[in-house]
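Enquirer: As input, take entry12.txt (compact mmCIF, C-alpha atoms):
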```txt
# COMPACT_ATOMS: atom_id res chain seq x y z
CA MET C 1 43.80 -12.18 17.77
CA LEU C 2 42.63 -15.75 18.28
CA ALA C 3 44.50 -17.06 15.23
CA GLN C 4 47.67 -15.30 16.35
CA THR C 5 47.57 -16.23 20.04
CA ARG C 6 45.59 -19.46 20.48
CA PRO C 7 47.62 -22.68 20.03
CA GLY C 8 46.17 -25.03 17.47
CA ALA C 9 44.33 -22.44 15.38
CA LYS C 10 43.64 -23.96 11.93
CA GLY C 11 43.81 -20.69 10.00
CA ALA C 12 42.50 -17.15 9.58
CA LEU C 13 40.39 -15.37 6.97
CA LEU C 14 40.64 -11.56 7.06
CA PHE C 15 38.07 -9.61 5.05
CA HIS C 16 38.31 -5.89 4.23
CA SER C 17 40.90 -5.15 6.95
CA CYS C 18 44.16 -6.30 8.50
CA LEU C 19 45.78 -5.22 11.77
CA PRO C 20 49.57 -5.12 12.18
CA VAL C 21 50.90 -8.35 13.72
CA ALA C 22 52.46 -6.23 16.49
CA GLU C 23 48.95 -5.62 17.82
CA PHE C 24 48.86 -9.10 19.36
CA GLY C 25 52.46 -10.01 20.03
CA GLY C 26 54.56 -9.16 17.00
CA THR C 27 54.73 -12.58 15.29
CA TRP C 28 52.45 -14.85 13.33
CA PRO C 29 52.34 -18.63 14.05
CA ARG C 30 54.53 -20.26 11.44
CA ASP C 31 52.10 -23.03 10.49
CA THR C 32 48.83 -21.09 10.65
CA PRO C 33 47.63 -20.18 7.14
CA VAL C 34 45.92 -16.86 6.52
CA GLN C 35 44.20 -15.10 3.62
CA VAL C 36 43.52 -11.36 3.40
CA HIS C 37 40.85 -10.11 0.98
CA ALA C 38 40.23 -6.44 0.10
CA MET C 39 39.78 -4.05 -2.83
CA ASP C 40 42.91 -2.36 -4.13
CA ALA C 41 41.43 1.16 -4.06
CA ASP C 42 39.42 0.87 -0.85
CA GLN C 43 40.57 3.93 1.08
CA LEU C 44 39.67 2.40 4.43
CA PHE C 45 42.04 -0.45 3.60
CA VAL C 46 44.78 1.41 1.72
CA ALA C 47 45.04 4.79 3.44
CA GLU C 48 44.63 3.60 7.03
CA GLY C 49 47.54 1.15 6.99
CA ASP C 50 45.73 -2.16 6.46
CA LEU C 51 47.44 -2.78 3.12
CA ASP C 52 50.86 -2.24 4.67
CA ALA C 53 49.95 -4.59 7.53
CA ALA C 54 48.78 -7.23 5.06
CA ARG C 55 51.99 -7.00 3.06
CA GLU C 56 54.01 -7.30 6.26
CA LEU C 57 52.05 -10.43 7.16
CA VAL C 58 52.64 -11.98 3.73
CA ALA C 59 56.36 -11.26 3.98
CA MET C 60 56.47 -12.81 7.45
CA THR C 61 55.04 -16.26 6.66
CA TYR C 62 54.89 -18.57 3.66
CA ALA C 63 51.34 -19.52 4.69
CA ALA C 64 49.90 -16.03 4.04
CA GLU C 65 48.11 -14.81 0.89
CA LEU C 66 46.91 -11.32 -0.01
CA PHE C 67 44.16 -11.01 -2.61
CA LEU C 68 43.39 -7.53 -3.95
CA TYR C 69 40.29 -7.05 -6.10
CA PRO C 70 39.83 -4.12 -8.51
CA GLY C 71 37.59 -1.43 -7.07
CA ASP C 72 37.12 1.05 -4.24
CA LYS C 73 34.32 -0.63 -2.27
CA HIS C 74 34.83 -1.60 1.36
CA LEU C 75 32.34 -4.33 2.34
CA PHE C 76 32.10 -5.62 -1.22
CA ALA C 77 31.28 -9.22 -0.26
CA ASP C 78 28.06 -8.42 1.63
CA PRO C 79 25.06 -8.69 -0.76
CA SER C 80 22.86 -6.70 1.64
CA LEU C 81 24.98 -3.53 1.29
CA PRO C 82 25.37 -0.92 -1.49
CA ASP C 83 29.11 -1.75 -1.74
CA TYR C 84 28.36 -5.28 -2.93
CA ASP C 85 30.36 -6.36 -5.99
CA GLU C 86 29.02 -9.65 -7.33
CA ALA C 87 32.04 -10.62 -9.46
CA ALA C 88 34.57 -9.87 -6.72
CA ALA C 89 32.44 -11.58 -4.06
CA LYS C 90 32.12 -14.70 -6.20
CA LEU C 91 35.88 -14.92 -6.67
CA LEU C 92 36.46 -14.29 -2.96
CA MET C 93 34.09 -17.14 -2.03
CA GLN C 94 35.79 -19.46 -4.49
CA ARG C 95 39.18 -18.79 -2.92
CA VAL C 96 37.81 -19.08 0.61
CA LEU C 97 36.27 -22.50 -0.08
CA GLY C 98 39.62 -23.75 -1.33
CA PHE C 99 41.28 -22.39 1.80
CA LEU C 100 38.74 -24.08 4.07
CA GLY C 101 39.27 -27.35 2.24
CA ARG C 102 43.01 -27.21 2.88
CA THR C 103 42.67 -26.31 6.55
CA ALA C 104 40.22 -29.18 7.11
CA ARG C 105 42.95 -31.77 6.54
CA PHE C 106 44.36 -33.77 9.43
CA ASP C 107 48.11 -34.13 9.88
CA PRO C 108 49.43 -37.70 10.24
CA ASP C 109 50.19 -38.89 13.77
CA PRO C 110 53.96 -38.56 14.48
CA MET C 111 53.74 -41.66 16.70
CA GLY C 112 51.56 -43.74 14.39
CA GLY C 113 52.37 -47.26 13.25
CA GLU C 114 53.28 -48.21 9.68
CA ARG C 115 49.83 -49.26 8.52
CA GLU C 116 48.15 -46.33 10.25
CA LEU C 117 50.58 -43.79 8.80
CA LEU C 118 50.25 -45.11 5.25
CA GLY C 119 46.50 -44.52 5.48
CA GLN C 120 46.86 -41.11 7.11
CA TYR C 121 49.38 -39.79 4.60
CA LEU C 122 47.24 -41.07 1.74
CA ASP C 123 44.15 -39.41 3.23
CA PHE C 124 46.06 -36.13 3.56
CA GLN C 125 46.83 -36.18 -0.17
CA ARG C 126 43.25 -37.16 -1.01
CA GLN C 127 41.97 -34.20 0.99
CA THR C 128 44.48 -31.94 -0.75
CA VAL C 129 43.21 -32.93 -4.19
CA LEU C 130 39.61 -32.31 -3.13
CA ALA C 131 40.52 -28.93 -1.64
CA LYS C 132 42.02 -27.85 -4.95
CA THR C 133 38.59 -28.20 -6.57
CA ASP C 134 36.49 -26.54 -3.86
CA GLY C 135 34.45 -23.55 -5.01
CA LEU C 136 35.06 -24.06 -8.75
CA ASN C 137 32.35 -24.26 -11.39
CA ARG C 138 32.08 -26.72 -14.26
CA GLU C 139 33.87 -24.51 -16.78
CA GLN C 140 36.79 -23.91 -14.42
CA MET C 141 37.08 -27.61 -13.56
CA ALA C 142 37.29 -28.48 -17.27
CA ARG C 143 39.62 -25.61 -18.22
CA ARG C 144 42.90 -26.54 -19.93
CA HIS C 145 46.10 -24.55 -19.65
CA GLU C 146 48.33 -24.92 -22.69
CA PRO C 147 50.38 -26.81 -23.53
CA SER C 148 49.02 -29.35 -21.01
CA ALA C 149 45.70 -31.11 -21.62
CA LEU C 150 45.23 -31.82 -17.89
CA THR C 151 42.17 -30.45 -16.10
CA LEU C 152 41.09 -30.59 -12.47
CA ALA C 153 37.96 -32.47 -13.52
CA GLY C 154 40.05 -35.03 -15.37
CA LEU C 155 42.45 -35.50 -12.48
CA LEU C 156 39.59 -36.07 -10.02
CA TYR C 157 37.82 -38.62 -12.24
CA HIS C 158 41.11 -40.36 -13.01
CA LEU C 159 41.98 -40.68 -9.33
CA ALA C 160 38.55 -42.17 -8.60
CA LEU C 161 39.29 -44.82 -11.22
CA VAL C 162 42.78 -45.39 -9.80
CA GLU C 163 41.47 -45.90 -6.26
CA GLU C 164 38.91 -48.55 -7.19
CA SER C 165 40.94 -50.34 -9.84
CA TRP C 166 43.89 -50.89 -7.50
CA LEU C 167 42.25 -51.69 -4.16
CA GLU C 168 38.96 -53.31 -5.11
CA VAL C 169 39.65 -54.88 -8.50
CA ARG C 170 43.32 -55.85 -8.39
CA PHE C 171 43.96 -56.27 -4.68
CA LEU C 172 40.65 -57.87 -3.61
CA GLY C 173 39.64 -59.30 -6.97
CA LEU C 174 36.21 -57.64 -7.02
CA PRO C 175 34.30 -56.79 -10.24
CA VAL C 176 34.89 -53.47 -11.96
CA ARG C 177 32.35 -50.81 -10.94
CA GLU C 178 30.39 -48.45 -13.13
CA PRO C 179 31.08 -46.31 -15.03
CA TRP C 180 34.40 -48.03 -15.69
CA ALA C 181 32.93 -51.51 -16.39
CA GLY C 182 31.75 -50.81 -19.92
CA VAL C 183 34.73 -48.75 -21.06
CA ASP C 184 37.28 -50.04 -23.59
CA PHE C 185 40.35 -48.29 -22.20
CA ASP C 186 42.59 -49.86 -24.85
CA ALA C 187 40.58 -48.07 -27.53
CA ASP C 188 40.02 -44.91 -25.47
CA PRO C 189 42.83 -44.62 -22.89
CA GLU C 190 41.88 -41.02 -22.01
CA TRP C 191 38.21 -41.83 -21.40
CA GLU C 192 37.97 -40.53 -17.82
CA PHE C 193 39.90 -37.35 -18.68
CA ARG C 194 37.68 -36.70 -21.71
CA THR C 195 34.28 -37.46 -20.17
CA SER C 196 34.93 -35.66 -16.89
CA ALA C 197 34.05 -32.35 -18.57
CA GLU C 198 30.45 -33.57 -18.88
CA LEU C 199 29.97 -33.93 -15.11
CA GLU C 200 29.08 -31.30 -12.54
CA PRO C 201 31.84 -30.47 -10.01
CA GLU C 202 30.01 -31.83 -6.96
CA ARG C 203 29.24 -35.09 -8.79
CA LEU C 204 32.96 -35.48 -9.54
CA ARG C 205 33.91 -34.71 -5.95
CA GLN C 206 31.35 -37.14 -4.57
CA ARG C 207 32.45 -39.90 -6.97
CA TYR C 208 36.02 -39.43 -5.76
CA ARG C 209 34.97 -39.44 -2.10
CA GLU C 210 33.08 -42.69 -2.68
CA ALA C 211 36.07 -44.28 -4.39
CA CYS C 212 38.38 -43.26 -1.54
CA GLU C 213 36.02 -44.73 1.04
CA ARG C 214 35.78 -47.99 -0.90
CA SER C 215 39.57 -48.13 -0.97
CA ARG C 216 39.73 -47.59 2.79
CA GLN C 217 37.26 -50.41 3.34
CA ALA C 218 39.22 -52.69 1.02
CA ALA C 219 42.43 -51.98 2.95
CA VAL C 220 40.69 -52.65 6.27
CA GLN C 221 39.72 -56.14 5.09
CA ALA C 222 43.36 -57.16 4.66
CA ASP C 223 45.00 -59.24 7.38
CA GLY C 224 48.13 -57.11 7.24
CA LEU C 225 50.47 -55.10 5.04
CA ASP C 226 52.06 -58.28 3.69
CA GLN C 227 48.81 -59.73 2.32
CA LEU C 228 49.13 -60.41 -1.41
CA SER C 229 46.78 -59.21 -4.13
CA VAL C 230 44.30 -61.54 -5.82
CA ARG C 231 45.26 -60.30 -9.28
CA PRO C 232 48.88 -60.03 -10.42
CA LEU C 233 50.77 -57.22 -12.09
CA ARG C 234 51.49 -57.43 -15.83
CA ASP C 235 54.72 -59.34 -15.17
CA GLY C 236 52.85 -62.02 -13.22
CA ARG C 237 53.94 -61.01 -9.72
CA ARG C 238 51.38 -60.28 -7.05
CA PHE C 239 51.77 -57.21 -4.83
CA THR C 240 51.28 -56.52 -1.13
CA LEU C 241 48.89 -54.12 0.57
CA ARG C 242 51.97 -52.11 1.59
CA TRP C 243 53.04 -51.81 -2.04
CA VAL C 244 49.64 -50.66 -3.32
CA LEU C 245 49.15 -48.10 -0.53
CA LEU C 246 52.56 -46.62 -1.32
CA HIS C 247 51.67 -46.64 -5.02
CA LEU C 248 48.41 -44.78 -4.38
CA LEU C 249 50.20 -42.31 -2.12
CA GLU C 250 52.78 -41.61 -4.83
CA GLU C 251 50.19 -41.18 -7.59
CA THR C 252 47.83 -39.03 -5.53
CA ALA C 253 50.65 -36.78 -4.33
CA ARG C 254 51.92 -36.40 -7.88
CA HIS C 255 48.50 -35.32 -9.11
CA ALA C 256 48.06 -33.04 -6.09
CA GLY C 257 51.10 -31.17 -7.41
CA HIS C 258 49.46 -30.90 -10.82
CA ALA C 259 46.30 -29.64 -9.12
CA ASP C 260 48.34 -26.96 -7.30
CA MET C 261 49.41 -25.43 -10.61
CA LEU C 262 46.02 -25.79 -12.28
CA ARG C 263 44.22 -24.09 -9.37
CA GLU C 264 46.73 -21.24 -9.26
CA ALA C 265 46.21 -20.65 -12.99
CA ILE C 266 42.44 -20.47 -12.46
CA ASP C 267 42.14 -18.03 -9.56
CA GLY C 268 45.58 -17.39 -8.06
CA THR C 269 45.13 -19.74 -5.10
CA VAL C 270 48.47 -21.35 -4.37
CA GLY C 271 49.53 -24.50 -2.52
CA GLU C 272 51.52 -24.74 0.67
```
Show me, as C-alpha cells, the structure contained in the file I just sent.

Expert:
Amino acid sequence: MLAQTRPGAKGALLFHSCLPVAEFGGTWPRDTPVQVHAMDADQLFVAEGDLDAARELVAMTYAAELFLYPGDKHLFADPSLPDYDEAAAKLLMQRVLGFLGRTARFDPDPMGGERELLGQYLDFQRQTVLAKTDGLNREQMARRHEPSALTLAGLLYHLALVEESWLEVRFLGLPVREPWAGVDFDADPEWEFRTSAELEPERLRQRYREACERSRQAAVQADGLDQLSVRPLRDGRRFTLRWVLLHLLEETARHAGHADMLREAIDGTVGE
C-alpha cells in the first residue's frame, strides 16, 4: 500500500504474496521498482490469485519482476519455519541485495550545474555497477559466459584501475597506487581481469569504492572544468577535467551495460 500510494517510495519487495493493484487505487507508480518472490507450486500463492496479481503487476510496469522458485512451500525464506528452503532462500537474498543496491542510487539534480551534474551522473553509473555485484559469491563474480571472457569481478577491478589512473595519475600527476604500481601492463594487458578472480567479492567492491572516492577528491582539487591535466595523452595533448569526467562517465556506463547482461545470466536479475 505504501509503495503504491506514497510519493517518493524507492521500491517494493513482495514475499510469498501479491495483492491486485486495484486494492489500493488500480495503478502502480511508473518509476517505483518492485520484485515479487514466491514458489511456483505454493497453493496459497497460486490458487488464491496472488500469481495472477503478480503477472498483472509485471505487465503493468517495466520496473516489475516476478521470480518463481521451484517448490510448494509458502514461507520458504524463513529459516525458523519448517517450510524453509535453503537454496531458494539464498537465491532470493542474492536478488534482493541487487535490488536494494539499485534503489539506493540518487538521481541527478535536474537543476544542477555542469560540474555538479557530471559528478552526479558518474556517481549514478558507479552505484549501478556496484549494485550489479551485490549478493554474489566469488564463483559467480568470476563466472564467464561464452563467448565473452568478461566477468563481473574483472569489470569491477578494471574500473578501479580506470578511476585512479585517469584522475590521480594522469590528471593530477600523482604516483601509481598499489596493486597497479608493480604491474607490467604491456606484457600482461589483461592483468586486472585475470587476477580479479583471486579476490573476495567484498574486497573487490571496497577497492572500487576507494578508487571512486579518490577520483572524487581529485576532481574537487581542480580549480574548474577547464583545468588541464599534468600528464598528456599519447598524442601529446593535455586534457581538461571536463573531458576526463565525460570519459569516465562513458566508460563506466558502457561497463554497466555489460554488467547488466552478466548479472542476468547469473541469476535472472535484469537492469532497468

Enquirer: For each of C:Arg144, C:Arg231, C:Lys10, C:Arg170, take the minimum atom-to-atom distance to C:Phe99, counting all atoms listed in the file, then give the residue where this is smallest.

Expert: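 Among C:Arg144, C:Arg231, C:Lys10, C:Arg170, it is C:Lys10 that comes nearest to C:Phe99.
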
Enquirer: Can you measure atom CA of C:Arg55 to atom CA of C:Ala259 for me? One decimal in Å is fine.

Expert: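 It comes out at 26.3 Å.
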
Enquirer: Please report, as a Markdown table, each residue of stretch 109-205 of chain C lying at most 8 Å from stretch 235-251 of chain C, together with the nearest pair of atoms and the separation in Å rounded to one decimal; use only C-alpha atoms, and order rows by chain and ascending residue number.

Expert:
```
| residue | atom | partner | partner_atom | distance |
| --- | --- | --- | --- | --- |
| C:Arg115 | CA | C:Arg242 | CA | 7.8 |
| C:Leu118 | CA | C:Leu245 | CA | 6.6 |
| C:Gly119 | CA | C:Leu245 | CA | 7.5 |
| C:Tyr121 | CA | C:Leu249 | CA | 7.2 |
| C:Leu122 | CA | C:Leu249 | CA | 5.0 |
| C:Gln125 | CA | C:Leu249 | CA | 7.3 |
| C:Val162 | CA | C:Leu248 | CA | 7.8 |
| C:Glu163 | CA | C:Leu248 | CA | 7.3 |
| C:Trp166 | CA | C:Val244 | CA | 7.1 |
| C:Leu167 | CA | C:Val244 | CA | 7.5 |
| C:Phe171 | CA | C:Leu241 | CA | 7.5 |
```

Enquirer: As an MDAnalysis selection string, please: the residues near C:Arg209 (cut-off 10 Å, only C-alpha atoms, same-chain neighbours under 6 positions excluded).

Expert: chainID C and resid 126:127 130 156 160 203 215

Enquirer: Could you please determine the separation between atom CA of C:Gln4 and atom CA of C:Gly112 in Å, to one decimal place?

Expert: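 These atoms are spaced 28.8 Å apart.
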
Enquirer: From the options C:Leu262, C:Val129, C:Ala77, C:Leu44, which residue's atoms come nearest to C:Gly101, counting all atoms listed in the file?

Expert: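 Of C:Leu262, C:Val129, C:Ala77, C:Leu44, the one nearest C:Gly101, counting all atoms listed in the file, is C:Val129.
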
Enquirer: Quick one: of C:Arg105, C:Arg205, C:Arg263, C:Arg138, who's nearest to C:Gln120, counting only C-alpha atoms?

Expert: C:Arg105

Enquirer: Determine, counting only C-alpha atoms, which protein, DNA and RNA residues have an atom within 12 Å of an atom of C:Gly26; residues of the same chain fewer than 3 positions away are not included. Present the result as a VMD selection string.

Expert: chain C and resid 1 4 to 5 19 to 23 29 53 56 to 57 60

Enquirer: Quick one: residues within 12 Å of C:Pro70, only C-alpha atoms counted, chain neighbours fewer than 3 positions away excluded, as a list in words?

Expert: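 The filter keeps His37, Ala38, Met39, Asp40, Ala41, Asp42, Phe67, Lys73, His74, Phe76, Asp85, Ala87, Ala88, Ala89 and Leu91 of chain C.
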
Enquirer: Here is a test: counting only C-alpha atoms, which residue of C:Ala104, C:Ala142, C:Val220, C:Leu174 is nearest to C:Thr195?

Expert: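 So, comparing all the options, the nearest one is C:Ala142.
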
Enquirer: Would you mind writing stretch 238-260 of chain C with N, CA and C atoms, as a PDB file, in the frame of the given file?

Expert:
```
ATOM      1  N   ARG C 238      52.413 -60.901  -7.872  1.00  0.00           N
ATOM      2  CA  ARG C 238      51.380 -60.280  -7.050  1.00  0.00           C
ATOM      3  C   ARG C 238      52.040 -59.239  -6.135  1.00  0.00           C
ATOM      4  N   PHE C 239      51.242 -58.312  -5.635  1.00  0.00           N
ATOM      5  CA  PHE C 239      51.770 -57.210  -4.830  1.00  0.00           C
ATOM      6  C   PHE C 239      51.127 -57.218  -3.448  1.00  0.00           C
ATOM      7  N   THR C 240      51.783 -56.580  -2.498  1.00  0.00           N
ATOM      8  CA  THR C 240      51.280 -56.520  -1.130  1.00  0.00           C
ATOM      9  C   THR C 240      50.398 -55.289  -0.915  1.00  0.00           C
ATOM     10  N   LEU C 241      49.665 -55.315   0.189  1.00  0.00           N
ATOM     11  CA  LEU C 241      48.890 -54.120   0.570  1.00  0.00           C
ATOM     12  C   LEU C 241      49.839 -52.952   0.782  1.00  0.00           C
ATOM     13  N   ARG C 242      50.984 -53.182   1.377  1.00  0.00           N
ATOM     14  CA  ARG C 242      51.970 -52.110   1.590  1.00  0.00           C
ATOM     15  C   ARG C 242      52.347 -51.464   0.260  1.00  0.00           C
ATOM     16  N   TRP C 243      52.630 -52.299  -0.723  1.00  0.00           N
ATOM     17  CA  TRP C 243      53.040 -51.810  -2.040  1.00  0.00           C
ATOM     18  C   TRP C 243      51.954 -50.941  -2.663  1.00  0.00           C
ATOM     19  N   VAL C 244      50.696 -51.400  -2.636  1.00  0.00           N
ATOM     20  CA  VAL C 244      49.640 -50.660  -3.320  1.00  0.00           C
ATOM     21  C   VAL C 244      49.288 -49.371  -2.591  1.00  0.00           C
ATOM     22  N   LEU C 245      49.383 -49.353  -1.256  1.00  0.00           N
ATOM     23  CA  LEU C 245      49.150 -48.100  -0.530  1.00  0.00           C
ATOM     24  C   LEU C 245      50.231 -47.077  -0.855  1.00  0.00           C
ATOM     25  N   LEU C 246      51.468 -47.523  -0.942  1.00  0.00           N
ATOM     26  CA  LEU C 246      52.560 -46.620  -1.320  1.00  0.00           C
ATOM     27  C   LEU C 246      52.371 -46.137  -2.766  1.00  0.00           C
ATOM     28  N   HIS C 247      51.913 -47.021  -3.629  1.00  0.00           N
ATOM     29  CA  HIS C 247      51.670 -46.640  -5.020  1.00  0.00           C
ATOM     30  C   HIS C 247      50.579 -45.575  -5.116  1.00  0.00           C
ATOM     31  N   LEU C 248      49.483 -45.770  -4.378  1.00  0.00           N
ATOM     32  CA  LEU C 248      48.410 -44.780  -4.380  1.00  0.00           C
ATOM     33  C   LEU C 248      48.860 -43.457  -3.778  1.00  0.00           C
ATOM     34  N   LEU C 249      49.663 -43.526  -2.735  1.00  0.00           N
ATOM     35  CA  LEU C 249      50.200 -42.310  -2.120  1.00  0.00           C
ATOM     36  C   LEU C 249      51.046 -41.545  -3.118  1.00  0.00           C
ATOM     37  N   GLU C 250      51.912 -42.260  -3.832  1.00  0.00           N
ATOM     38  CA  GLU C 250      52.780 -41.610  -4.830  1.00  0.00           C
ATOM     39  C   GLU C 250      51.957 -40.973  -5.946  1.00  0.00           C
ATOM     40  N   GLU C 251      50.962 -41.706  -6.472  1.00  0.00           N
ATOM     41  CA  GLU C 251      50.190 -41.180  -7.590  1.00  0.00           C
ATOM     42  C   GLU C 251      49.308 -40.006  -7.167  1.00  0.00           C
ATOM     43  N   THR C 252      48.691 -40.117  -6.005  1.00  0.00           N
ATOM     44  CA  THR C 252      47.830 -39.030  -5.530  1.00  0.00           C
ATOM     45  C   THR C 252      48.630 -37.779  -5.245  1.00  0.00           C
ATOM     46  N   ALA C 253      49.796 -37.934  -4.624  1.00  0.00           N
ATOM     47  CA  ALA C 253      50.650 -36.780  -4.330  1.00  0.00           C
ATOM     48  C   ALA C 253      51.144 -36.121  -5.612  1.00  0.00           C
ATOM     49  N   ARG C 254      51.471 -36.939  -6.587  1.00  0.00           N
ATOM     50  CA  ARG C 254      51.920 -36.400  -7.880  1.00  0.00           C
ATOM     51  C   ARG C 254      50.831 -35.555  -8.523  1.00  0.00           C
ATOM     52  N   HIS C 255      49.601 -36.071  -8.511  1.00  0.00           N
ATOM     53  CA  HIS C 255      48.500 -35.320  -9.110  1.00  0.00           C
ATOM     54  C   HIS C 255      48.071 -34.138  -8.245  1.00  0.00           C
ATOM     55  N   ALA C 256      48.317 -34.207  -6.943  1.00  0.00           N
ATOM     56  CA  ALA C 256      48.060 -33.040  -6.090  1.00  0.00           C
ATOM     57  C   ALA C 256      48.968 -31.886  -6.504  1.00  0.00           C
ATOM     58  N   GLY C 257      50.198 -32.201  -6.901  1.00  0.00           N
ATOM     59  CA  GLY C 257      51.100 -31.170  -7.410  1.00  0.00           C
ATOM     60  C   GLY C 257      50.595 -30.569  -8.704  1.00  0.00           C
ATOM     61  N   HIS C 258      50.070 -31.427  -9.594  1.00  0.00           N
ATOM     62  CA  HIS C 258      49.460 -30.900 -10.820  1.00  0.00           C
ATOM     63  C   HIS C 258      48.289 -29.979 -10.469  1.00  0.00           C
ATOM     64  N   ALA C 259      47.469 -30.417  -9.504  1.00  0.00           N
ATOM     65  CA  ALA C 259      46.300 -29.640  -9.120  1.00  0.00           C
ATOM     66  C   ALA C 259      46.698 -28.287  -8.533  1.00  0.00           C
ATOM     67  N   ASP C 260      47.822 -28.234  -7.814  1.00  0.00           N
ATOM     68  CA  ASP C 260      48.340 -26.960  -7.300  1.00  0.00           C
ATOM     69  C   ASP C 260      48.479 -25.946  -8.418  1.00  0.00           C
TER      70      ASP C 260
END
```
